[in-house]
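Structure file input.txt (compact mmCIF, C-alpha atoms) is printed below.
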# COMPACT_ATOMS: atom_id res chain seq x y z
CA MET A 28 0.00 0.00 0.00
CA ALA A 29 1.29 3.46 -0.88
CA ILE A 30 2.43 5.76 1.91
CA HIS A 31 1.04 9.30 1.68
CA ILE A 32 3.28 12.22 2.55
CA ASP A 33 0.40 14.25 4.05
CA ARG A 34 -0.31 11.54 6.63
CA LEU A 35 3.36 11.39 7.57
CA LEU A 36 3.54 15.16 7.96
CA ASP A 37 0.34 15.18 10.04
CA THR A 38 2.00 12.60 12.31
CA VAL A 39 5.10 14.79 12.67
CA VAL A 40 2.87 17.67 13.82
CA SER A 41 0.62 15.59 16.11
CA GLN A 42 3.59 13.88 17.81
CA ASP A 43 5.50 17.18 18.14
CA ALA A 44 8.48 15.62 16.36
CA SER A 45 11.43 17.70 15.25
CA ASP A 46 12.42 15.55 12.24
CA LEU A 47 11.15 12.89 9.86
CA HIS A 48 13.61 10.43 8.26
CA LEU A 49 12.66 8.51 5.12
CA ALA A 50 15.19 5.87 4.01
CA VAL A 51 14.93 2.65 1.99
CA GLY A 52 14.92 -0.45 4.21
CA LYS A 53 13.40 1.27 7.29
CA PRO A 54 9.90 2.41 8.21
CA PRO A 55 9.42 6.20 8.35
CA THR A 56 11.14 7.37 11.53
CA LEU A 57 10.50 10.40 13.75
CA ARG A 58 12.91 12.21 16.03
CA VAL A 59 11.01 13.15 19.19
CA ARG A 60 13.03 14.97 21.87
CA SER A 61 16.33 13.52 20.60
CA ARG A 62 15.06 9.92 20.30
CA LEU A 63 14.41 8.08 17.04
CA ILE A 64 11.00 6.38 16.92
CA GLU A 65 9.91 4.10 14.07
CA LEU A 66 6.34 4.44 12.87
CA ARG A 67 4.20 1.28 12.78
CA THR A 68 3.89 1.16 9.05
CA LYS A 69 5.59 -0.56 6.09
CA VAL A 70 9.32 -0.71 5.48
CA LEU A 71 10.12 1.77 2.71
CA GLU A 72 11.13 0.47 -0.71
CA PRO A 73 13.04 2.44 -3.41
CA GLU A 74 9.85 3.40 -5.25
CA ASP A 75 8.32 4.67 -1.96
CA THR A 76 11.05 7.22 -1.25
CA ILE A 77 11.04 8.37 -4.90
CA GLN A 78 7.26 8.88 -4.78
CA LEU A 79 7.46 10.71 -1.43
CA MET A 80 10.31 12.89 -2.69
CA LYS A 81 8.44 13.89 -5.87
CA ALA A 82 5.32 14.78 -3.86
CA ILE A 83 7.07 17.68 -2.13
CA THR A 84 10.20 18.55 -4.12
CA PRO A 85 10.31 21.45 -6.61
CA GLU A 86 11.67 20.68 -10.08
CA ARG A 87 14.83 22.74 -9.46
CA SER A 88 15.74 20.56 -6.47
CA GLN A 89 14.87 17.34 -8.31
CA ASN A 90 17.30 18.36 -11.07
CA GLU A 91 19.95 19.19 -8.47
CA LEU A 92 19.44 15.77 -6.86
CA GLN A 93 20.15 14.08 -10.21
CA GLU A 94 23.13 16.29 -11.06
CA GLU A 95 24.75 16.81 -7.64
CA GLY A 96 23.42 13.89 -5.58
CA GLY A 97 21.50 16.09 -3.14
CA SER A 98 19.53 19.29 -2.58
CA ASP A 99 17.93 21.40 0.18
CA PHE A 100 14.68 23.35 0.11
CA GLY A 101 11.83 24.52 2.33
CA PHE A 102 8.06 24.29 1.97
CA ALA A 103 4.90 25.11 3.90
CA PHE A 104 2.58 22.30 5.04
CA GLY A 105 -0.65 24.28 4.76
CA ASP A 106 -0.93 26.66 7.68
CA LYS A 107 0.26 24.03 10.19
CA THR A 108 4.05 24.32 9.94
CA ARG A 109 7.01 24.61 7.58
CA PHE A 110 9.66 22.03 6.78
CA ARG A 111 13.31 22.30 5.78
CA VAL A 112 14.09 19.29 3.58
CA ALA A 113 17.35 17.59 2.63
CA ILE A 114 17.06 15.08 -0.22
CA PHE A 115 20.06 12.94 -1.11
CA LYS A 116 21.19 9.69 -2.66
CA GLN A 117 22.72 6.78 -0.73
CA LYS A 118 23.53 3.37 -2.20
CA GLY A 119 21.78 4.59 -5.34
CA ASN A 120 18.48 5.18 -3.52
CA VAL A 121 16.76 8.42 -2.53
CA SER A 122 16.58 9.41 1.14
CA LEU A 123 14.89 12.41 2.76
CA THR A 124 15.26 14.22 6.06
CA LEU A 125 12.57 16.76 6.96
CA ARG A 126 13.13 19.23 9.82
CA ARG A 127 9.98 20.86 11.22
CA ILE A 128 10.05 24.65 11.50
CA PRO A 129 7.19 25.90 13.72
CA ASN A 130 5.05 28.70 12.27
CA GLU A 131 4.94 30.62 15.51
CA MET A 132 7.97 32.73 16.37
CA ILE A 133 9.53 32.14 19.80
CA SER A 134 10.41 35.30 21.72
CA ILE A 135 13.92 36.08 22.94
CA ASP A 136 12.66 35.82 26.54
CA LEU A 137 10.99 32.45 26.01
CA ILE A 138 14.06 30.77 24.49
CA GLY A 139 16.15 32.07 27.39
CA LEU A 140 18.67 34.32 25.67
CA PRO A 141 20.81 36.47 27.99
CA PRO A 142 18.97 39.80 28.62
CA ILE A 143 21.87 41.84 27.21
CA VAL A 144 21.12 40.43 23.73
CA LYS A 145 18.23 42.91 23.43
CA ASP A 146 20.64 45.79 23.97
CA LEU A 147 23.28 44.43 21.61
CA ILE A 148 20.92 43.98 18.66
CA ARG A 149 19.89 47.63 18.92
CA ARG A 150 23.43 48.68 18.01
CA PRO A 151 23.95 50.17 14.54
CA ARG A 152 26.94 48.04 13.51
CA GLY A 153 28.95 44.95 14.37
CA LEU A 154 29.13 41.18 13.85
CA PHE A 155 26.96 38.98 16.10
CA LEU A 156 27.64 35.24 15.67
CA VAL A 157 25.35 32.40 16.78
CA THR A 158 27.20 29.07 16.79
CA GLY A 159 26.71 25.42 17.66
CA PRO A 160 26.39 21.98 16.08
CA THR A 161 23.66 21.05 13.61
CA GLY A 162 20.30 20.84 15.37
CA SER A 163 21.27 23.10 18.27
CA GLY A 164 18.63 25.73 17.50
CA LYS A 165 20.78 28.37 15.79
CA THR A 166 18.10 29.11 13.18
CA THR A 167 15.42 29.58 15.85
CA THR A 168 17.68 31.91 17.85
CA LEU A 169 18.49 34.05 14.80
CA ALA A 170 14.84 34.17 13.75
CA SER A 171 13.86 35.31 17.26
CA MET A 172 16.49 38.06 17.19
CA VAL A 173 15.33 39.27 13.77
CA ASP A 174 11.69 39.16 14.91
CA HIS A 175 12.50 41.20 18.03
CA VAL A 176 14.12 43.92 15.91
CA ASN A 177 11.24 43.70 13.44
CA MET A 178 8.69 44.35 16.22
CA THR A 179 10.56 47.09 18.08
CA LEU A 180 12.73 49.08 15.64
CA ASP A 181 12.38 50.63 12.19
CA ARG A 182 15.12 48.88 10.23
CA HIS A 183 15.65 47.43 6.76
CA ILE A 184 16.53 43.78 7.39
CA ILE A 185 17.87 41.50 4.65
CA THR A 186 18.18 37.78 5.38
CA ILE A 187 20.19 35.35 3.23
CA GLU A 188 19.12 31.76 3.84
CA ASP A 189 19.47 28.28 2.34
CA PRO A 190 16.59 27.56 2.46
CA ILE A 191 14.26 30.15 4.05
CA GLU A 192 12.87 28.53 7.18
CA TYR A 193 10.97 31.01 9.35
CA TYR A 194 8.88 33.41 7.26
CA GLN A 195 9.16 36.96 8.59
CA THR A 196 6.38 39.46 7.84
CA HIS A 197 6.93 43.22 7.70
CA LYS A 198 6.16 44.78 11.09
CA LYS A 199 7.90 47.93 12.30
CA SER A 200 10.81 46.98 10.04
CA ILE A 201 11.01 45.98 6.38
CA VAL A 202 12.20 42.36 6.05
CA ASN A 203 13.43 41.04 2.69
CA GLN A 204 14.30 37.33 2.76
CA ARG A 205 16.51 35.97 -0.03
CA GLU A 206 16.91 32.26 -0.70
CA VAL A 207 20.22 30.94 -2.04
CA GLY A 208 19.67 29.01 -5.26
CA ASN A 209 16.33 30.67 -5.87
CA ASP A 210 16.72 34.44 -5.39
CA VAL A 211 20.51 34.63 -5.50
CA PRO A 212 23.30 32.20 -6.53
CA SER A 213 25.41 32.14 -3.32
CA PHE A 214 25.81 33.56 0.18
CA SER A 215 28.86 35.63 -0.77
CA GLU A 216 27.20 37.07 -3.87
CA ALA A 217 24.04 37.88 -1.89
CA LEU A 218 26.12 39.67 0.75
CA ARG A 219 27.91 41.77 -1.86
CA ARG A 220 24.66 42.72 -3.57
CA SER A 221 22.87 43.47 -0.30
CA LEU A 222 25.22 46.37 0.46
CA ARG A 223 23.60 48.27 -2.44
CA MET A 224 20.10 47.79 -1.00
CA ASP A 225 20.32 50.25 1.92
CA PRO A 226 20.27 47.56 4.65
CA ASP A 227 20.54 48.24 8.38
CA ILE A 228 20.76 44.56 9.35
CA ILE A 229 21.98 41.58 7.29
CA MET A 230 21.36 38.05 8.53
CA VAL A 231 23.55 35.38 6.88
CA GLY A 232 22.24 31.86 7.37
CA GLU A 233 25.71 30.29 7.26
CA LEU A 234 29.27 31.61 7.02
CA ARG A 235 30.29 28.54 5.06
CA ASP A 236 33.35 29.72 3.09
CA LEU A 237 36.15 32.27 3.08
CA GLU A 238 34.38 34.57 0.61
CA THR A 239 31.26 34.77 2.77
CA ILE A 240 33.25 35.33 5.98
CA GLU A 241 35.23 38.14 4.30
CA ALA A 242 32.04 39.76 3.00
CA ALA A 243 30.35 39.55 6.43
CA ILE A 244 33.30 41.19 8.21
CA ARG A 245 33.43 43.90 5.54
CA ALA A 246 29.70 44.58 5.93
CA ALA A 247 30.08 44.89 9.72
CA GLU A 248 33.03 47.24 9.27
CA THR A 249 31.13 49.50 6.88
CA GLY A 250 28.35 50.30 9.32
CA HIS A 251 25.90 47.38 9.25
CA LEU A 252 24.70 44.99 11.95
CA VAL A 253 25.44 41.47 10.68
CA PHE A 254 24.07 38.25 12.19
CA GLY A 255 25.67 34.96 11.12
CA THR A 256 26.17 31.32 12.12
CA LEU A 257 29.08 28.91 12.32
CA HIS A 258 29.32 25.24 13.32
CA THR A 259 31.62 25.82 16.30
CA ASN A 260 31.14 24.84 19.94
CA SER A 261 32.70 27.69 21.91
CA ALA A 262 33.30 31.43 21.73
CA ALA A 263 37.09 31.15 21.57
CA GLY A 264 36.81 28.31 19.05
CA THR A 265 34.61 30.50 16.84
CA ILE A 266 37.20 33.26 16.71
CA ASN A 267 39.97 30.76 15.96
CA ARG A 268 37.88 29.13 13.20
CA ILE A 269 37.36 32.47 11.46
CA ILE A 270 41.03 33.43 11.66
CA ASP A 271 42.19 29.98 10.52
CA ALA A 272 39.95 30.21 7.44
CA PHE A 273 42.29 32.88 6.04
CA PRO A 274 45.76 32.38 4.53
CA VAL A 275 48.54 32.78 7.11
CA ASN A 276 49.75 36.06 5.58
CA GLN A 277 46.28 37.63 6.11
CA GLN A 278 45.63 36.40 9.65
CA ALA A 279 47.22 39.34 11.50
CA GLN A 280 45.03 41.76 9.54
CA ILE A 281 41.90 39.68 10.16
CA ARG A 282 42.60 39.71 13.91
CA VAL A 283 42.62 43.51 13.78
CA GLN A 284 39.40 43.57 11.74
CA LEU A 285 37.67 41.08 14.05
CA ALA A 286 38.77 42.98 17.16
CA THR A 287 37.05 46.04 15.69
CA SER A 288 33.92 44.49 14.18
CA LEU A 289 33.03 41.44 16.34
CA MET A 290 30.35 42.34 18.86
CA ALA A 291 29.31 39.03 20.46
CA VAL A 292 29.41 35.25 20.12
CA LEU A 293 26.54 33.09 21.37
CA SER A 294 27.40 29.36 21.33
CA GLN A 295 24.53 27.03 22.14
CA GLN A 296 23.61 23.41 22.72
CA LEU A 297 20.12 21.90 22.79
CA LEU A 298 19.22 19.34 25.46
CA LYS A 299 16.07 17.41 26.31
CA ARG A 300 14.41 18.31 29.59
CA ILE A 301 14.00 15.65 32.25
CA ASP A 302 10.22 16.23 32.27
CA LYS A 303 10.22 15.35 28.51
CA LYS A 304 7.90 18.31 27.83
CA SER A 305 10.35 20.26 25.69
CA MET A 306 13.96 21.02 24.92
CA VAL A 307 16.14 23.58 26.66
CA ALA A 308 19.10 25.52 25.29
CA ALA A 309 22.39 26.01 27.13
CA TYR A 310 24.49 29.01 26.14
CA GLU A 311 28.06 30.22 26.17
CA PHE A 312 28.03 33.98 25.70
CA LEU A 313 30.90 36.30 24.87
CA VAL A 314 30.53 40.08 24.67
CA VAL A 315 33.53 41.72 23.02
CA THR A 316 34.76 44.33 25.50
CA PRO A 317 37.91 46.42 24.89
CA ALA A 318 39.89 43.88 26.96
CA ILE A 319 38.64 40.95 24.86
CA ALA A 320 39.22 42.90 21.65
CA ASN A 321 42.87 43.20 22.74
CA LEU A 322 43.09 39.42 23.27
CA VAL A 323 41.80 38.88 19.73
CA ARG A 324 44.16 41.47 18.25
CA GLU A 325 47.19 40.05 20.11
CA ASN A 326 46.41 36.40 19.24
CA LYS A 327 45.71 35.46 22.87
CA THR A 328 42.36 33.75 22.37
CA PHE A 329 43.43 31.03 24.84
CA ARG A 330 42.66 33.61 27.56
CA ILE A 331 39.09 34.24 26.42
CA ASP A 332 37.53 31.58 28.69
CA SER A 333 39.06 33.29 31.73
CA ALA A 334 37.83 36.65 30.46
CA ILE A 335 34.30 35.25 30.12
CA GLN A 336 34.41 34.01 33.73
CA THR A 337 35.34 37.48 34.98
CA GLY A 338 32.86 39.21 32.65
CA LYS A 339 29.61 38.16 34.31
CA LYS A 340 28.63 41.81 34.87
CA PHE A 341 28.45 42.13 31.06
CA GLY A 342 26.16 39.08 30.87
CA MET A 343 28.92 36.66 29.85
CA GLN A 344 28.92 32.99 30.81
CA LEU A 345 30.74 29.77 29.96
CA LEU A 346 28.75 26.86 28.52
CA ASP A 347 29.65 24.52 31.41
CA ASP A 348 28.48 27.07 33.98
CA HIS A 349 25.09 27.36 32.27
CA LEU A 350 24.83 23.57 31.94
CA TRP A 351 25.52 23.23 35.66
CA SER A 352 22.83 25.77 36.54
CA LEU A 353 20.29 23.87 34.41
CA TYR A 354 21.34 20.62 36.13
CA GLU A 355 20.96 22.19 39.60
CA LYS A 356 17.46 23.34 38.67
CA GLY A 357 16.60 19.74 37.81
CA TRP A 358 15.93 20.54 34.17
CA ILE A 359 18.58 18.28 32.58
CA SER A 360 20.22 15.00 33.52
CA ALA A 361 23.82 14.62 34.62
CA GLU A 362 24.45 12.38 31.62
CA ASP A 363 23.20 14.94 29.10
CA MET A 364 25.14 17.69 30.84
CA ILE A 365 28.36 15.67 30.52
CA ASP A 366 27.62 14.80 26.87
CA LYS A 367 27.23 18.48 25.92
CA GLY A 368 29.83 19.99 28.27
CA ARG A 369 33.28 21.17 27.21
CA ASN A 370 35.26 20.15 30.32
CA THR A 371 33.83 16.72 31.05
CA ASN A 372 36.21 15.82 33.91
CA SER A 373 35.45 19.05 35.76
CA LEU A 374 31.70 18.46 35.50
CA ILE A 375 32.04 14.86 36.73
CA GLU A 376 34.04 16.07 39.73
CA LYS A 377 31.36 18.66 40.56
CA ILE A 378 28.66 15.98 40.38
CA HIS A 379 30.60 13.71 42.74
CA ARG A 380 31.32 16.59 45.15
CA ALA A 381 27.59 17.29 45.22
CA GLY A 382 27.07 13.67 46.30
CA ALA A 383 25.23 12.66 43.14
CA GLN A 384 25.75 9.59 40.95
CA ILE A 385 25.96 9.24 37.19
CA GLY A 386 24.10 6.40 35.54
CA ARG A 387 22.38 5.91 32.22
CA ILE A 388 18.86 4.55 31.90
CA GLU A 389 18.03 3.20 28.46
CA LEU A 390 14.39 3.81 27.57
CA ASP A 391 12.42 1.52 25.30
CA ALA A 392 11.48 3.17 22.01
CA GLU A 393 7.81 4.02 21.79
CA ASP A 394 5.77 3.10 18.76
CA VAL A 395 3.71 5.73 17.01
CA ASP A 396 0.94 4.60 14.68
CA THR A 397 0.11 6.65 11.56
CA GLY A 398 -2.84 4.45 10.76
CA GLU A 399 -1.12 3.21 7.56
CA ARG A 400 -0.08 -0.34 6.73

If you convert what's in this file into structure tokens, what do you get?
Amino acid sequence: MAIHIDRLLDTVVSQDASDLHLAVGKPPTLRVRSRLIELRTKVLEPEDTIQLMKAITPERSQNELQEEGGSDFGFAFGDKTRFRVAIFKQKGNVSLTLRRIPNEMISIDLIGLPPIVKDLIRRPRGLFLVTGPTGSGKTTTLASMVDHVNMTLDRHIITIEDPIEYYQTHKKSIVNQREVGNDVPSFSEALRRSLRMDPDIIMVGELRDLETIEAAIRAAETGHLVFGTLHTNSAAGTINRIIDAFPVNQQAQIRVQLATSLMAVLSQQLLKRIDKKSMVAAYEFLVVTPAIANLVRENKTFRIDSAIQTGKKFGMQLLDDHLWSLYEKGWISAEDMIDKGRNTNSLIEKIHRAGAQIGRIELDAEDVDTGER
């Protein structure tokens, strides 16, 4: 019996899943609060994944799948939600991963961003980076920051995304969202062109190559507020990653440019709450003060963690400190804290000093029925 994509997407919404995986040889599988749960339906065959892919994939992305072996795009599932989709080939078969993007925007307060973020994103210029691994909520954080500006300030905001995930409507600001591959050929080209469009704020979905990083720094230097993301796990690591992307003979100059233009780095991890009701984000937050700017300029980024610890009055915090506070509140488990933490041995010692034990409990996977066979 054929599997219908609409029923699968309805199940994603009803089960509050974050992702849907469709691969030959497995039943459709949901990710619900970090766990993979197989649906009680048929094992997918090659013709199933092809049919499901064609039901939702625009012709441009189908051509890219044939030519390049994969493609990304976004689409709206009625008025219920949006999905970001990755289609790709493996062992000659088509696979799909669909990430659910909620329609409703989450406020800065609700997602737990440090209060100083509201002040920083009112500034007229600078580079604000949101970093973390895939699936850590970077897109949601950026969308919330853009939405806050959109509601409270009169700005011209240009976003460059691949694909567009959260749709932003014009509120107090004007928001123009440009999709790579559809509205513009690349991130770097979109950044260059955007400077001619009278922007106040430019949001870059991903600083994925040297050209894009260069263009983002230049835009911040020339009087624009630039938001961007990187797949790094710490504030100091983010700065090192940017500098290391440049040839050695340019790195001293880039340190000077970063020291001047970088405003803040927010590194985040997403963890499941013990009560299983939702996820919670843990943050490392760096605000670039004159002292930290000097560390960047003088190639002393190894001292940034210490500077964050002494910069709490500016709203700064280390990731492990925030993880520990969430653990003390009873929101996250010791095991998840250790998995996401940067200094694992230090966290284990703190747990033992607090008289607690560390032990993993494996939960049986739940079955979710779509009603299909």

Find the residues around A:Arg109 up to 8 Å (only C-alpha atoms counted), leave out those fewer than 5 positions away in its own chain, and share them as a ChimeraX atom specification. /A:101-104,127-130,192-193

Could the residues in this selection be written to a file with C-alpha atoms, as a PDB file, in the coordinates of the input?
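And here's again.pdb as it stands now:
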ATOM      1  CA  GLY A 101      11.830  24.520   2.330  1.00  0.00           C
ATOM      2  CA  PHE A 102       8.060  24.290   1.970  1.00  0.00           C
ATOM      3  CA  ALA A 103       4.900  25.110   3.900  1.00  0.00           C
ATOM      4  CA  PHE A 104       2.580  22.300   5.040  1.00  0.00           C
ATOM      5  CA  ARG A 127       9.980  20.860  11.220  1.00  0.00           C
ATOM      6  CA  ILE A 128      10.050  24.650  11.500  1.00  0.00           C
ATOM      7  CA  PRO A 129       7.190  25.900  13.720  1.00  0.00           C
ATOM      8  CA  ASN A 130       5.050  28.700  12.270  1.00  0.00           C
ATOM      9  CA  GLU A 192      12.870  28.530   7.180  1.00  0.00           C
ATOM     10  CA  TYR A 193      10.970  31.010   9.350  1.00  0.00           C
TER      11      TYR A 193
END

Residues within 6 Å of (36.4, 33.7, 8.0), file coordinates, counting all atoms listed in the file: what are they? Give the list as a list in words.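 Residues close enough to count: Leu237, Ile240, Glu241, Ile269, Ile270 and Ala272 of chain A.
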
Could you list, as a ChimeraX atom specification, every residue within 12 Å of A:Glu325, counting all atoms listed in the file and ignoring same-chain residues fewer than 6 positions away? /A:278-286,318-319,331

Ranking A:Thr328, A:Thr161, A:His48, A:Ile301 by minimum distance to A:Lys356 and counting only C-alpha atoms, which one comes first?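 Nearest candidate to A:Lys356 out of A:Thr328, A:Thr161, A:His48, A:Ile301: A:Ile301.
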
What's the 10 Å shell around A:Asp225, counting all atoms listed in the file, without same-chain residues fewer than 6 positions away, as a ChimeraX atom specification? /A:182-185,251

Could those selected residues go to a file with C-alpha atoms, as an mmCIF file, keeping the file's coordinate frame?
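Just written: out.cif:
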data_model
loop_
_atom_site.group_PDB
_atom_site.id
_atom_site.type_symbol
_atom_site.label_atom_id
_atom_site.label_comp_id
_atom_site.auth_asym_id
_atom_site.auth_seq_id
_atom_site.Cartn_x
_atom_site.Cartn_y
_atom_site.Cartn_z
ATOM 1 C CA ARG A 182 15.120 48.880 10.230
ATOM 2 C CA HIS A 183 15.650 47.430 6.760
ATOM 3 C CA ILE A 184 16.530 43.780 7.390
ATOM 4 C CA ILE A 185 17.870 41.500 4.650
ATOM 5 C CA HIS A 251 25.900 47.380 9.250
#

Selection: 8 Å around A:Val40, only C-alpha atoms, excl. self and same-chain fewer than 3 positions, as JSON, numbers by chain: {"A": [36, 37, 43, 44, 107, 108]}

For A:Val51: contacts at 12 Å, all atoms listed in the file, fewer than 6 positions along chain excluded, given as an MDAnalysis selection string: chainID A and resid 69:79 115:123

Those residues you just picked out, can you put them in a file as an mmCIF file, in the frame of the given file with C-alpha atoms?
data_model
loop_
_atom_site.group_PDB
_atom_site.id
_atom_site.type_symbol
_atom_site.label_atom_id
_atom_site.label_comp_id
_atom_site.auth_asym_id
_atom_site.auth_seq_id
_atom_site.Cartn_x
_atom_site.Cartn_y
_atom_site.Cartn_z
ATOM 1 C CA LYS A 69 5.590 -0.560 6.090
ATOM 2 C CA VAL A 70 9.320 -0.710 5.480
ATOM 3 C CA LEU A 71 10.120 1.770 2.710
ATOM 4 C CA GLU A 72 11.130 0.470 -0.710
ATOM 5 C CA PRO A 73 13.040 2.440 -3.410
ATOM 6 C CA GLU A 74 9.850 3.400 -5.250
ATOM 7 C CA ASP A 75 8.320 4.670 -1.960
ATOM 8 C CA THR A 76 11.050 7.220 -1.250
ATOM 9 C CA ILE A 77 11.040 8.370 -4.900
ATOM 10 C CA GLN A 78 7.260 8.880 -4.780
ATOM 11 C CA LEU A 79 7.460 10.710 -1.430
ATOM 12 C CA PHE A 115 20.060 12.940 -1.110
ATOM 13 C CA LYS A 116 21.190 9.690 -2.660
ATOM 14 C CA GLN A 117 22.720 6.780 -0.730
ATOM 15 C CA LYS A 118 23.530 3.370 -2.200
ATOM 16 C CA GLY A 119 21.780 4.590 -5.340
ATOM 17 C CA ASN A 120 18.480 5.180 -3.520
ATOM 18 C CA VAL A 121 16.760 8.420 -2.530
ATOM 19 C CA SER A 122 16.580 9.410 1.140
ATOM 20 C CA LEU A 123 14.890 12.410 2.760
#

Find the residue from A:Val207, A:Leu252, A:Leu293, A:Leu222 that sits nearest to A:Leu313; use all atoms listed in the file when measuring.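 Checking each candidate against A:Leu313, we get A:Leu293 as the closest.
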
Atomic distance atom CA of A:Ala309 - atom CA of A:Leu350, expressed in Å with one decimal: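 Interatomic distance, atom CA of A:Ala309 to atom CA of A:Leu350: 5.9 Å.
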
Ranking A:Glu216, A:Glu131, A:Asp227, A:Glu233 by minimum distance to A:Thr196 and counting all atoms listed in the file, which one comes first?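 For A:Thr196, the nearest of the candidates is A:Glu131.
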
Take stretch 97-110 of chain A, bring it up to N, CA and C atoms, and give me the output as a short mmCIF file (atom, residue, chain, number, x, y, z; two decimals), keeping the file's coordinate frame.
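File produced: result01.cif:
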data_model
loop_
_atom_site.label_atom_id
_atom_site.label_comp_id
_atom_site.auth_asym_id
_atom_site.auth_seq_id
_atom_site.Cartn_x
_atom_site.Cartn_y
_atom_site.Cartn_z
N GLY A 97 22.22 15.61 -4.31
CA GLY A 97 21.50 16.09 -3.14
C GLY A 97 21.01 17.51 -3.33
N SER A 98 20.04 17.92 -2.51
CA SER A 98 19.53 19.29 -2.58
C SER A 98 18.81 19.61 -1.28
N ASP A 99 18.65 20.91 -1.00
CA ASP A 99 17.93 21.40 0.18
C ASP A 99 16.86 22.39 -0.27
N PHE A 100 15.73 22.38 0.41
CA PHE A 100 14.68 23.35 0.11
C PHE A 100 13.73 23.41 1.30
N GLY A 101 12.84 24.40 1.28
CA GLY A 101 11.83 24.52 2.33
C GLY A 101 10.45 24.58 1.71
N PHE A 102 9.43 24.17 2.46
CA PHE A 102 8.06 24.29 1.97
C PHE A 102 7.10 24.39 3.16
N ALA A 103 5.92 24.96 2.88
CA ALA A 103 4.90 25.11 3.90
C ALA A 103 3.92 23.95 3.81
N PHE A 104 3.59 23.36 4.97
CA PHE A 104 2.58 22.30 5.04
C PHE A 104 1.27 22.96 5.46
N GLY A 105 0.56 23.52 4.47
CA GLY A 105 -0.65 24.28 4.76
C GLY A 105 -0.33 25.42 5.70
N ASP A 106 -1.19 25.63 6.67
CA ASP A 106 -0.93 26.66 7.68
C ASP A 106 -0.46 26.04 9.00
N LYS A 107 -0.10 24.74 8.95
CA LYS A 107 0.26 24.03 10.19
C LYS A 107 1.71 24.29 10.59
N THR A 108 2.63 24.20 9.62
CA THR A 108 4.05 24.32 9.94
C THR A 108 4.82 24.44 8.64
N ARG A 109 6.13 24.66 8.74
CA ARG A 109 7.01 24.61 7.58
C ARG A 109 8.04 23.50 7.79
N PHE A 110 8.62 23.05 6.70
CA PHE A 110 9.66 22.03 6.78
C PHE A 110 10.88 22.47 5.98
#
